[in-house]
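K.L.:
protein26.csv is reproduced below (CSV, C-alpha atoms and all ligand atoms).
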chain,number,residue,atom,x,y,z
A,9,MET,CA,144.5,-80.8,-39.1
A,10,GLN,CA,144.9,-79.7,-42.7
A,11,LYS,CA,147.8,-81.2,-44.7
A,12,ILE,CA,149.8,-78.9,-46.9
A,13,LEU,CA,152.4,-80.2,-49.4
A,14,PHE,CA,155.1,-78.2,-51.0
A,15,ILE,CA,156.2,-79.6,-54.3
A,16,GLY,CA,159.7,-78.2,-54.9
A,17,ALA,CA,162.1,-77.6,-52.0
A,18,GLY,CA,163.7,-74.4,-53.1
A,19,SER,CA,164.2,-71.0,-51.6
A,20,MET,CA,160.6,-69.8,-52.1
A,21,SER,CA,159.2,-72.9,-50.3
A,22,GLU,CA,161.7,-72.5,-47.5
A,23,ALA,CA,160.8,-68.8,-47.1
A,24,LEU,CA,157.1,-69.7,-46.7
A,25,ILE,CA,157.8,-72.7,-44.4
A,26,GLN,CA,160.0,-70.6,-42.2
A,27,GLY,CA,157.7,-67.6,-42.2
A,28,TRP,CA,154.5,-69.7,-41.4
A,29,ILE,CA,156.2,-71.7,-38.6
A,30,THR,CA,157.9,-68.6,-37.0
A,31,GLN,CA,154.6,-66.6,-37.2
A,32,ASN,CA,152.8,-69.6,-35.7
A,33,VAL,CA,150.1,-69.7,-38.4
A,34,VAL,CA,150.8,-73.3,-39.5
A,35,SER,CA,152.0,-76.1,-37.3
A,36,ASN,CA,155.1,-77.9,-38.6
A,37,ASP,CA,153.2,-81.2,-38.3
A,38,SER,CA,150.8,-80.2,-41.1
A,39,LEU,CA,153.6,-79.4,-43.6
A,40,TYR,CA,155.0,-81.9,-46.1
A,41,VAL,CA,157.6,-81.3,-48.7
A,42,THR,CA,158.9,-83.2,-51.7
A,43,ASN,CA,161.5,-82.6,-54.4
A,44,ARG,CA,162.5,-84.1,-57.7
A,45,SER,CA,165.9,-85.1,-56.4
A,46,ASN,CA,168.3,-84.0,-53.7
A,47,TYR,CA,167.1,-86.0,-50.7
A,48,GLU,CA,169.6,-84.2,-48.5
A,49,ARG,CA,167.8,-81.0,-49.1
A,50,LEU,CA,164.5,-82.6,-47.9
A,51,GLU,CA,166.3,-84.0,-44.8
A,52,GLU,CA,167.7,-80.5,-44.2
A,53,LEU,CA,164.2,-79.0,-44.2
A,54,GLU,CA,162.9,-81.8,-42.0
A,55,LYS,CA,165.6,-81.3,-39.4
A,56,LYS,CA,165.5,-77.5,-39.5
A,57,TYR,CA,161.7,-77.0,-39.3
A,58,GLY,CA,160.4,-80.4,-38.0
A,59,ILE,CA,158.2,-80.8,-41.2
A,60,HIS,CA,157.5,-84.1,-43.0
A,61,ILE,CA,159.1,-85.4,-46.1
A,62,LEU,CA,156.5,-86.9,-48.4
A,63,SER,CA,157.3,-90.5,-47.9
A,64,HIS,CA,155.4,-91.9,-50.8
A,65,ILE,CA,153.8,-90.4,-53.9
A,66,GLU,CA,150.4,-92.1,-53.0
A,67,LYS,CA,150.2,-89.8,-50.0
A,68,ILE,CA,149.5,-86.9,-52.3
A,69,LYS,CA,145.8,-88.2,-52.1
A,70,GLU,CA,145.7,-87.1,-48.4
A,71,MET,CA,146.8,-83.5,-49.0
A,72,ASP,CA,144.2,-80.7,-48.5
A,73,PHE,CA,146.5,-78.2,-50.2
A,74,ILE,CA,149.3,-78.6,-52.7
A,75,ILE,CA,151.7,-75.7,-53.2
A,76,LEU,CA,153.4,-75.7,-56.6
A,77,ALA,CA,156.9,-74.3,-56.1
A,78,THR,CA,159.1,-75.9,-58.7
A,79,LYS,CA,160.7,-73.8,-61.4
A,80,PRO,CA,158.0,-72.8,-63.9
A,81,LYS,CA,159.5,-75.0,-66.7
A,82,ASP,CA,159.0,-78.1,-64.5
A,83,VAL,CA,155.2,-77.5,-64.0
A,84,GLN,CA,154.1,-79.9,-66.7
A,85,SER,CA,156.2,-82.8,-65.3
A,86,VAL,CA,154.7,-82.1,-61.9
A,87,ILE,CA,151.2,-82.1,-63.3
A,88,GLU,CA,151.7,-85.3,-65.1
A,89,GLN,CA,153.1,-86.9,-62.0
A,90,ILE,CA,150.3,-85.9,-59.6
A,91,GLN,CA,147.3,-85.8,-61.9
A,92,PRO,CA,146.5,-89.5,-61.6
A,93,ILE,CA,146.8,-89.5,-57.8
A,94,ILE,CA,145.5,-86.1,-56.6
A,95,SER,CA,142.1,-86.1,-54.8
A,96,PRO,CA,139.3,-84.0,-56.3
A,97,ASN,CA,139.1,-82.1,-53.0
A,98,THR,CA,142.7,-80.9,-53.0
A,99,ALA,CA,143.1,-77.2,-53.5
A,100,ILE,CA,146.2,-75.8,-55.4
A,101,LEU,CA,148.2,-72.8,-54.5
A,102,SER,CA,150.9,-71.9,-57.1
A,103,VAL,CA,153.8,-69.6,-56.6
A,104,LEU,CA,155.2,-70.3,-60.1
A,105,ALA,CA,156.1,-67.2,-62.0
A,106,GLY,CA,154.2,-66.8,-65.2
A,107,ILE,CA,152.2,-70.0,-65.1
A,108,SER,CA,148.5,-69.3,-65.5
A,109,ILE,CA,145.6,-70.7,-63.5
A,110,GLN,CA,144.2,-72.0,-66.9
A,111,THR,CA,147.4,-74.1,-67.4
A,112,ILE,CA,146.9,-75.7,-64.0
A,113,GLU,CA,143.2,-76.2,-64.6
A,114,ASP,CA,144.0,-77.8,-68.0
A,115,GLY,CA,146.3,-80.3,-66.2
A,116,LEU,CA,144.6,-80.9,-62.9
A,117,GLY,CA,140.9,-80.2,-63.7
A,118,SER,CA,138.5,-77.8,-62.2
A,119,ARG,CA,139.3,-77.3,-58.6
A,120,PRO,CA,140.2,-74.3,-56.3
A,121,ILE,CA,143.4,-72.7,-57.5
A,122,ALA,CA,145.1,-69.6,-56.1
A,123,ARG,CA,148.0,-68.1,-57.9
A,124,VAL,CA,150.3,-66.2,-55.6
A,125,MET,CA,153.4,-64.1,-56.2
A,126,PRO,CA,155.2,-63.7,-52.9
A,127,ASN,CA,158.8,-62.7,-52.4
A,128,THR,CA,161.6,-64.2,-50.3
A,129,SER,CA,161.1,-61.7,-47.5
A,130,ALA,CA,158.3,-64.0,-46.4
A,131,THR,CA,161.2,-65.6,-44.4
A,132,ILE,CA,161.0,-62.8,-41.9
A,133,GLY,CA,157.3,-61.9,-42.3
A,134,MET,CA,157.9,-59.1,-44.7
A,135,SER,CA,156.8,-60.4,-48.1
A,136,ALA,CA,154.8,-58.2,-50.5
A,137,SER,CA,152.5,-60.7,-52.2
A,138,GLY,CA,150.0,-60.5,-55.0
A,139,ILE,CA,147.2,-63.1,-55.4
A,140,ALA,CA,144.5,-64.1,-57.8
A,141,PHE,CA,141.9,-66.8,-57.5
A,142,ASN,CA,139.8,-69.0,-59.8
A,143,LYS,CA,136.1,-69.2,-59.4
A,144,GLU,CA,136.3,-72.5,-57.5
A,145,VAL,CA,138.0,-70.9,-54.5
A,146,SER,CA,135.5,-70.5,-51.7
A,147,GLU,CA,135.2,-67.4,-49.5
A,148,VAL,CA,136.5,-69.6,-46.6
A,149,GLN,CA,139.5,-70.6,-48.6
A,150,LYS,CA,140.1,-67.0,-49.7
A,151,THR,CA,140.1,-65.9,-46.1
A,152,MET,CA,142.5,-68.6,-45.2
A,153,TYR,CA,144.9,-67.8,-48.0
A,154,LEU,CA,144.9,-64.1,-47.2
A,155,LYS,CA,145.5,-65.0,-43.5
A,156,LEU,CA,148.5,-67.2,-44.5
A,157,LEU,CA,150.0,-64.5,-46.7
A,158,GLU,CA,149.3,-61.7,-44.2
A,159,ALA,CA,151.2,-63.7,-41.6
A,160,VAL,CA,154.3,-63.4,-43.8
A,161,GLY,CA,153.8,-59.8,-45.0
A,162,ILE,CA,151.2,-57.9,-47.0
A,163,VAL,CA,149.0,-59.4,-49.7
A,164,ILE,CA,147.0,-57.6,-52.4
A,165,GLU,CA,144.4,-59.3,-54.6
A,166,VAL,CA,144.8,-58.4,-58.3
A,167,GLU,CA,143.4,-59.5,-61.7
A,168,GLU,CA,145.3,-62.5,-62.7
A,169,ASP,CA,146.9,-60.9,-65.7
A,170,LYS,CA,148.5,-58.2,-63.5
A,171,LEU,CA,150.5,-60.9,-61.7
A,172,HIS,CA,153.1,-60.6,-64.5
A,173,ALA,CA,153.6,-57.0,-63.4
A,174,VAL,CA,153.6,-57.9,-59.7
A,175,THR,CA,156.2,-60.5,-60.4
A,176,ALA,CA,158.4,-58.0,-62.2
A,177,LEU,CA,158.0,-55.4,-59.4
A,178,SER,CA,157.8,-57.1,-55.9
A,179,GLY,CA,158.4,-60.7,-56.8
A,180,SER,CA,161.9,-59.9,-58.2
A,181,GLY,CA,162.1,-56.6,-56.2
A,182,PRO,CA,164.3,-57.9,-53.4
A,183,ALA,CA,167.0,-58.9,-55.9
A,184,TYR,CA,167.1,-55.3,-57.4
A,185,LEU,CA,167.6,-53.9,-53.9
A,186,TYR,CA,170.3,-56.4,-53.1
A,187,TYR,CA,172.0,-55.6,-56.4
A,188,LEU,CA,171.8,-51.9,-55.5
A,189,LEU,CA,173.4,-52.7,-52.2
A,190,GLU,CA,176.2,-54.6,-53.9
A,191,ALA,CA,177.0,-51.6,-56.0
A,192,TRP,CA,176.9,-49.2,-53.0
A,193,GLU,CA,179.3,-51.6,-51.1
A,194,SER,CA,181.6,-51.6,-54.0
A,195,VAL,CA,181.8,-47.9,-54.4
A,196,GLY,CA,181.8,-47.2,-50.6
A,197,THR,CA,184.8,-49.5,-50.1
A,198,GLU,CA,186.6,-47.6,-52.8
A,199,PHE,CA,186.4,-44.6,-50.5
A,200,GLY,CA,188.2,-46.6,-47.8
A,201,LEU,CA,185.1,-47.4,-45.7
A,202,SER,CA,184.9,-51.1,-44.6
A,203,LYS,CA,182.2,-53.2,-46.2
A,204,GLU,CA,180.6,-53.7,-42.8
A,205,ILE,CA,180.3,-50.0,-42.3
A,206,VAL,CA,178.8,-49.3,-45.7
A,207,ARG,CA,176.3,-52.2,-45.2
A,208,LYS,CA,175.2,-50.8,-41.8
A,209,LEU,CA,174.7,-47.3,-43.2
A,210,MET,CA,172.9,-48.3,-46.4
A,211,VAL,CA,170.7,-51.1,-44.9
A,212,GLN,CA,169.5,-48.5,-42.4
A,213,THR,CA,169.1,-46.0,-45.2
A,214,ILE,CA,166.9,-48.4,-47.1
A,215,ALA,CA,164.9,-49.3,-43.9
A,216,GLY,CA,164.5,-45.7,-42.9
A,217,SER,CA,163.4,-44.6,-46.4
A,218,ALA,CA,160.8,-47.4,-46.5
A,219,ALA,CA,159.6,-46.5,-43.0
A,220,MET,CA,159.3,-42.8,-44.0
A,221,LEU,CA,157.2,-43.8,-47.1
A,222,GLN,CA,154.9,-45.9,-44.8
A,223,SER,CA,154.5,-43.4,-42.0
A,224,VAL,CA,154.8,-39.9,-43.5
A,225,LYS,CA,152.0,-39.7,-46.1
A,226,GLU,CA,154.1,-37.9,-48.7
A,227,GLU,CA,154.9,-38.7,-52.3
A,228,PRO,CA,158.4,-40.1,-53.0
A,229,ASN,CA,159.2,-37.1,-55.2
A,230,VAL,CA,158.3,-34.7,-52.3
A,231,LEU,CA,160.5,-36.7,-49.9
A,232,ARG,CA,163.3,-36.7,-52.5
A,233,LYS,CA,163.2,-33.0,-52.8
A,234,LYS,CA,163.5,-32.6,-49.0
A,235,VAL,CA,166.9,-34.4,-49.3
A,236,THR,CA,168.0,-32.5,-52.4
A,237,SER,CA,169.5,-29.2,-51.3
A,238,PRO,CA,169.9,-26.8,-54.2
A,239,GLY,CA,173.5,-27.0,-55.4
A,240,GLY,CA,174.2,-29.8,-53.0
A,241,THR,CA,175.5,-33.4,-53.1
A,242,THR,CA,172.2,-35.1,-53.8
A,243,GLU,CA,171.5,-32.9,-56.8
A,244,ALA,CA,175.0,-33.8,-58.1
A,245,GLY,CA,174.3,-37.5,-57.6
A,246,ILE,CA,170.8,-37.4,-59.2
A,247,ARG,CA,172.2,-35.5,-62.1
A,248,ALA,CA,174.7,-38.3,-62.7
A,249,LEU,CA,171.8,-40.8,-62.5
A,250,GLU,CA,169.9,-38.9,-65.1
A,251,ASN,CA,173.0,-38.7,-67.3
A,252,TYR,CA,173.1,-42.5,-67.1
A,253,HIS,CA,169.4,-42.6,-68.0
A,254,PHE,CA,168.2,-43.9,-64.6
A,255,HIS,CA,164.6,-43.9,-65.6
A,256,ASP,CA,165.2,-45.8,-68.8
A,257,ALA,CA,167.3,-48.4,-66.9
A,258,ILE,CA,164.5,-49.0,-64.4
A,259,TYR,CA,161.8,-49.1,-67.1
A,260,ALA,CA,163.9,-51.6,-69.1
A,261,CYS,CA,164.4,-53.7,-65.9
A,262,ILE,CA,160.7,-54.0,-65.0
A,263,LYS,CA,159.5,-54.3,-68.6
A,264,SER,CA,162.1,-57.1,-69.3
A,265,ALA,CA,161.0,-59.0,-66.1
A,266,GLU,CA,157.3,-58.6,-67.0
A,267,ALA,CA,157.9,-59.8,-70.5
A,268,ARG,CA,159.9,-62.7,-69.2
A,269,SER,CA,156.9,-63.7,-66.9
A,270,ARG,CA,154.7,-63.7,-70.0
A,271,GLU,CA,157.2,-65.9,-71.9
A,272,LEU,CA,157.3,-68.3,-68.9
A,273,ALA,CA,153.5,-68.5,-69.3
A,274,LYS,CA,154.0,-69.9,-72.8
A,275,GLY,CA,156.6,-72.4,-71.6
A,276,ASP,CA,159.5,-70.5,-73.2
A,301,LIG,N1,162.9,-67.3,-55.4
A,301,LIG,C1,162.0,-66.2,-55.4
A,301,LIG,O1,162.4,-65.1,-55.0
A,301,LIG,C2,160.6,-66.4,-55.9
A,301,LIG,C3,160.3,-67.5,-56.6
A,301,LIG,N2,159.0,-67.7,-57.0
A,301,LIG,C4,158.6,-68.9,-57.8
A,301,LIG,O2,158.8,-70.0,-56.9
A,301,LIG,C5,159.2,-71.1,-57.7
A,301,LIG,C6,160.4,-71.7,-57.0
A,301,LIG,O3,161.5,-70.8,-57.0
A,301,LIG,P1,162.8,-71.1,-56.2
A,301,LIG,O4,162.4,-71.6,-54.9
A,301,LIG,O5,163.6,-69.9,-56.3
A,301,LIG,O6,163.4,-72.3,-57.1
A,301,LIG,P2,164.5,-73.4,-56.8
A,301,LIG,O7,165.1,-73.8,-58.0
A,301,LIG,O8,165.3,-72.9,-55.6
A,301,LIG,O9,163.5,-74.6,-56.3
A,301,LIG,C7,162.7,-75.4,-57.1
A,301,LIG,C8,162.8,-76.8,-56.6
A,301,LIG,O10,161.8,-77.6,-57.3
A,301,LIG,C9,162.4,-78.9,-57.5
A,301,LIG,N3,161.7,-79.6,-58.6
A,301,LIG,C10,161.8,-79.5,-59.9
A,301,LIG,N4,161.0,-80.4,-60.6
A,301,LIG,C11,160.3,-81.1,-59.6
A,301,LIG,C12,159.3,-82.1,-59.7
A,301,LIG,N5,158.9,-82.6,-60.8
A,301,LIG,N6,158.8,-82.6,-58.5
A,301,LIG,C13,159.3,-82.1,-57.3
A,301,LIG,N7,160.2,-81.1,-57.2
A,301,LIG,C14,160.7,-80.6,-58.4
A,301,LIG,C15,163.8,-78.7,-57.7
A,301,LIG,O11,164.5,-79.9,-57.4
A,301,LIG,C16,164.1,-77.5,-56.8
A,301,LIG,O12,164.6,-77.9,-55.5
A,301,LIG,C17,159.5,-70.6,-59.1
A,301,LIG,O13,158.4,-71.0,-59.9
A,301,LIG,C18,159.5,-69.1,-59.0
A,301,LIG,O14,159.0,-68.5,-60.1
A,301,LIG,C19,158.0,-66.8,-56.7
A,301,LIG,C20,158.3,-65.7,-56.0
A,301,LIG,C21,159.7,-65.3,-55.6
A,302,LIG,O1,163.3,-64.9,-60.9
A,302,LIG,C1,162.2,-65.5,-60.9
A,302,LIG,O2,161.8,-66.0,-62.0
A,302,LIG,C2,161.4,-65.6,-59.6
A,302,LIG,C3,160.1,-65.0,-59.8
A,302,LIG,C4,160.1,-63.8,-58.9
A,302,LIG,C5,161.4,-63.9,-58.2
A,302,LIG,N1,162.0,-65.0,-58.6
Starting from the file, lay out its structure as structure tokens.

P.N.:
Amino acid sequence: MQKILFIGAGSMSEALIQGWITQNVVSNDSLYVTNRSNYERLEELEKKYGIHILSHIEKIKEMDFIILATKPKDVQSVIEQIQPIISPNTAILSVLAGISIQTIEDGLGSRPIARVMPNTSATIGMSASGIAFNKEVSEVQKTMYLKLLEAVGIVIEVEEDKLHAVTALSGSGPAYLYYLLEAWESVGTEFGLSKEIVRKLMVQTIAGSAAMLQSVKEEPNVLRKKVTSPGGTTEAGIRALENYHFHDAIYACIKSAEARSRELAKGD
């Protein structure tokens, strides 16, 4: 049985752990987790998913895969900690935003490294992930990584440099939609609808629109026009969005996130 260690017990690690266990692609017995501090968090994950807490740093030697899942700024401290112990056979999978494969190679030497940008919807098998590999990753390992990520959603291989854009779009994407929902709930309740009703209506609206895009092979602007009756309510709403420079706001959002990913790469 392969041993997989998560370094960093945050929300992204939990999303993958939960997704893999629920989808039955990895047994809980093969998963290990460690954290810098907060032993209660490790105990929580152990109890909830039946996975192992890494009992001793020396056990890092035994791991077949290590998943780097701390904050990007903590990567150097993790590298320093594990570099003297890690086996030359251990492969690395990093979910760290911005951090390049080269940085990990510089710290941990030439070995198979996959850089992945999932999102938290992995929890329910609905992640949209991007992935890039270094040359050391074998075809067998690639197939395994793709299988692991397909088990928790979709995965698309991209050039490594494009992972900054993937991070800005689908890595951060769930937060933009939750933010949109927060705004909808706030305005909907001003009209006297309960928060629960607004949420039910708008979550279904998001899900329905996503399902339409997936099943009806039409461009978003065509689908938009079908909703927009001339002189109707949608037209009035879209005009207001344009008056508030909707496109500029979305461009600024994604460009800022992409630029931030590039800054993280430099350790800023
Ligand atoms: N949260 C998200 O939606 C996504 C996050 N990511 C990436 O995943 C990584 C983790 O993100 P989150 O889970 O949100 O962060 P988080 O802050 O919830 O978790 C990070 C964990 O790493 C631990 N840690 C820090 N230094 C450590 C060390 N030296 N050794 C062991 N553990 C250490 C911290 O104690 C913390 O529990 C980040 O690099 C982020 O860019 C990627 C895709 C989506
Ligand atoms: O906000 C972040 O930096 C991470 C990467 C993508 C989603 N969360």

K.L.:
Would you mind listing what lies within 7 Å of segment 256-265 of chain A as a PDB file with C-alpha atoms, in the coordinates of the input, with all atoms listed in the file counted and same-chain residues fewer than 3 positions away left out?

P.N.:
ATOM      1  CA  ALA A 176     158.400 -58.000 -62.200  1.00  0.00           C
ATOM      2  CA  LEU A 177     158.000 -55.400 -59.400  1.00  0.00           C
ATOM      3  CA  HIS A 253     169.400 -42.600 -68.000  1.00  0.00           C
ATOM      4  CA  ARG A 268     159.900 -62.700 -69.200  1.00  0.00           C
ATOM      5  CA  SER A 269     156.900 -63.700 -66.900  1.00  0.00           C
TER       6      SER A 269
END

K.L.:
Please indicate the distance in Å from atom CA of Gly115 of chain A to atom CA of Pro92 of chain A, rounded to one decimal place.

P.N.:
10.3 Å

K.L.:
Rank nothing, just name the residue among A:Ile29, A:Leu39, A:Leu231, A:Ala23 nearest to ligand LIG 301 (chain A), using only C-alpha atoms and all ligand atoms.

P.N.:
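Closest residue, counting only C-alpha atoms and all ligand atoms: A:Ala23.
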
K.L.:
I want to know what sits within 9 Å of segment 41-44 of chain A, based on all atoms listed in the file, with residues of the same chain fewer than 4 positions away left out; could you give that as a PDB file with C-alpha atoms, keeping the file's coordinate frame?

P.N.:
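Below you can see result.pdb, which holds the result:
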ATOM      1  CA  ILE A  12     149.800 -78.900 -46.900  1.00  0.00           C
ATOM      2  CA  LEU A  13     152.400 -80.200 -49.400  1.00  0.00           C
ATOM      3  CA  PHE A  14     155.100 -78.200 -51.000  1.00  0.00           C
ATOM      4  CA  ILE A  15     156.200 -79.600 -54.300  1.00  0.00           C
ATOM      5  CA  GLY A  16     159.700 -78.200 -54.900  1.00  0.00           C
ATOM      6  CA  ALA A  17     162.100 -77.600 -52.000  1.00  0.00           C
ATOM      7  CA  GLY A  18     163.700 -74.400 -53.100  1.00  0.00           C
ATOM      8  CA  SER A  21     159.200 -72.900 -50.300  1.00  0.00           C
ATOM      9  CA  ARG A  49     167.800 -81.000 -49.100  1.00  0.00           C
ATOM     10  CA  LEU A  50     164.500 -82.600 -47.900  1.00  0.00           C
ATOM     11  CA  LEU A  53     164.200 -79.000 -44.200  1.00  0.00           C
ATOM     12  CA  GLU A  54     162.900 -81.800 -42.000  1.00  0.00           C
ATOM     13  CA  ILE A  59     158.200 -80.800 -41.200  1.00  0.00           C
ATOM     14  CA  HIS A  60     157.500 -84.100 -43.000  1.00  0.00           C
ATOM     15  CA  ILE A  61     159.100 -85.400 -46.100  1.00  0.00           C
ATOM     16  CA  LEU A  62     156.500 -86.900 -48.400  1.00  0.00           C
ATOM     17  CA  SER A  63     157.300 -90.500 -47.900  1.00  0.00           C
ATOM     18  CA  THR A  78     159.100 -75.900 -58.700  1.00  0.00           C
TER      19      THR A  78
END

K.L.:
Hey, can you check how far atom CA of Leu104 of chain A sits from atom C3 of ligand LIG 301 (chain A)?

P.N.:
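Computed distance, atom CA of Leu104 of chain A to atom C3 of ligand LIG 301 (chain A), equals 6.8 Å.
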
K.L.:
Check which residues fall inside 8 Å of ligand LIG 301 (chain A) when counting all atoms listed in the file, and print them as an NGL selection string.

P.N.:
:A and (15-22 or 42-46 or 49 or 76-83 or 85-86 or 89 or 103-106 or 124-128 or 175 or 179-180 or 182-183)

K.L.:
Distance atom CA of Glu168 of chain A-atom CA of Thr111 of chain A, one decimal place?

P.N.:
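Here the two named atoms are 12.7 Å from each other.
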
K.L.:
Can you work out which one of A:Asn142, A:Ser38, A:Gln31, A:Ser202 has the shortest atom-to-atom distance to Ser102 of chain A, counting all atoms listed in the file?

P.N.:
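So, comparing all the options, the nearest one is A:Asn142.
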
K.L.:
Looking at only C-alpha atoms and all ligand atoms, which of A:Ser137, A:Ser95, A:Ser108, A:Gln149 is the one that sits closest to ligand LIG 302 (chain A)?

P.N.:
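Distance minimum relative to ligand LIG 302 (chain A) lands on A:Ser137.
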
K.L.:
May I have the centre and edge lengths, in Å to one decimal, of an axis-aligned box around the listed atoms of ligand LIG 302 (chain A) with 8 Å added to every side, as AutoDock Vina command-line options?

P.N.:
--center_x 161.7 --center_y -64.9 --center_z -60.1 --size_x 19.2 --size_y 18.2 --size_z 19.8

K.L.:
Under the rule that all atoms listed in the file are counted, which of A:Ile94, A:Val34, A:Ala140, A:Ala99 is the nearest residue to Met9 of chain A?

P.N.:
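The closest residue to Met9 of chain A is A:Val34.
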
K.L.:
Excluding Ser146 of chain A and residues on its chain fewer than 4 positions from it, collect all residues at most 12 Å away from it, counting only C-alpha atoms, and give them as a list in words.

P.N.:
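Result of the neighbour search: Ala99, Arg119, Pro120, Ile121, Ala122, Phe141, Asn142, Lys150, Thr151, Met152 and Tyr153 of chain A.
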
K.L.:
Counting all atoms listed in the file, which of A:Leu189, A:Ala267, A:Leu116, A:Ile100 gets nearest to Val145 of chain A?

P.N.:
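Using all atoms listed in the file, Val145 of chain A sits closest to A:Ile100.
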
K.L.:
Considering all atoms listed in the file, can you say which of A:Lys208, A:His172, A:Arg232, A:Lys155 comes closest to ligand LIG 302 (chain A)?

P.N.:
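For ligand LIG 302 (chain A), the nearest of the candidates is A:His172.
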
K.L.:
Go ahead and find all residues with at least one atom no further than 9 Å from (157.2, -62.3, -45.4) in the file's coordinates, using all atoms listed in the file; report them as a PDB file with C-alpha atoms, in the coordinates of the input.

P.N.:
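So out.pdb came out as:
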ATOM      1  CA  ALA A  23     160.800 -68.800 -47.100  1.00  0.00           C
ATOM      2  CA  LEU A  24     157.100 -69.700 -46.700  1.00  0.00           C
ATOM      3  CA  GLY A  27     157.700 -67.600 -42.200  1.00  0.00           C
ATOM      4  CA  TRP A  28     154.500 -69.700 -41.400  1.00  0.00           C
ATOM      5  CA  PRO A 126     155.200 -63.700 -52.900  1.00  0.00           C
ATOM      6  CA  ASN A 127     158.800 -62.700 -52.400  1.00  0.00           C
ATOM      7  CA  THR A 128     161.600 -64.200 -50.300  1.00  0.00           C
ATOM      8  CA  SER A 129     161.100 -61.700 -47.500  1.00  0.00           C
ATOM      9  CA  ALA A 130     158.300 -64.000 -46.400  1.00  0.00           C
ATOM     10  CA  THR A 131     161.200 -65.600 -44.400  1.00  0.00           C
ATOM     11  CA  ILE A 132     161.000 -62.800 -41.900  1.00  0.00           C
ATOM     12  CA  GLY A 133     157.300 -61.900 -42.300  1.00  0.00           C
ATOM     13  CA  MET A 134     157.900 -59.100 -44.700  1.00  0.00           C
ATOM     14  CA  SER A 135     156.800 -60.400 -48.100  1.00  0.00           C
ATOM     15  CA  ALA A 136     154.800 -58.200 -50.500  1.00  0.00           C
ATOM     16  CA  SER A 137     152.500 -60.700 -52.200  1.00  0.00           C
ATOM     17  CA  LEU A 157     150.000 -64.500 -46.700  1.00  0.00           C
ATOM     18  CA  GLU A 158     149.300 -61.700 -44.200  1.00  0.00           C
ATOM     19  CA  ALA A 159     151.200 -63.700 -41.600  1.00  0.00           C
ATOM     20  CA  VAL A 160     154.300 -63.400 -43.800  1.00  0.00           C
ATOM     21  CA  GLY A 161     153.800 -59.800 -45.000  1.00  0.00           C
ATOM     22  CA  ILE A 162     151.200 -57.900 -47.000  1.00  0.00           C
TER      23      ILE A 162
END
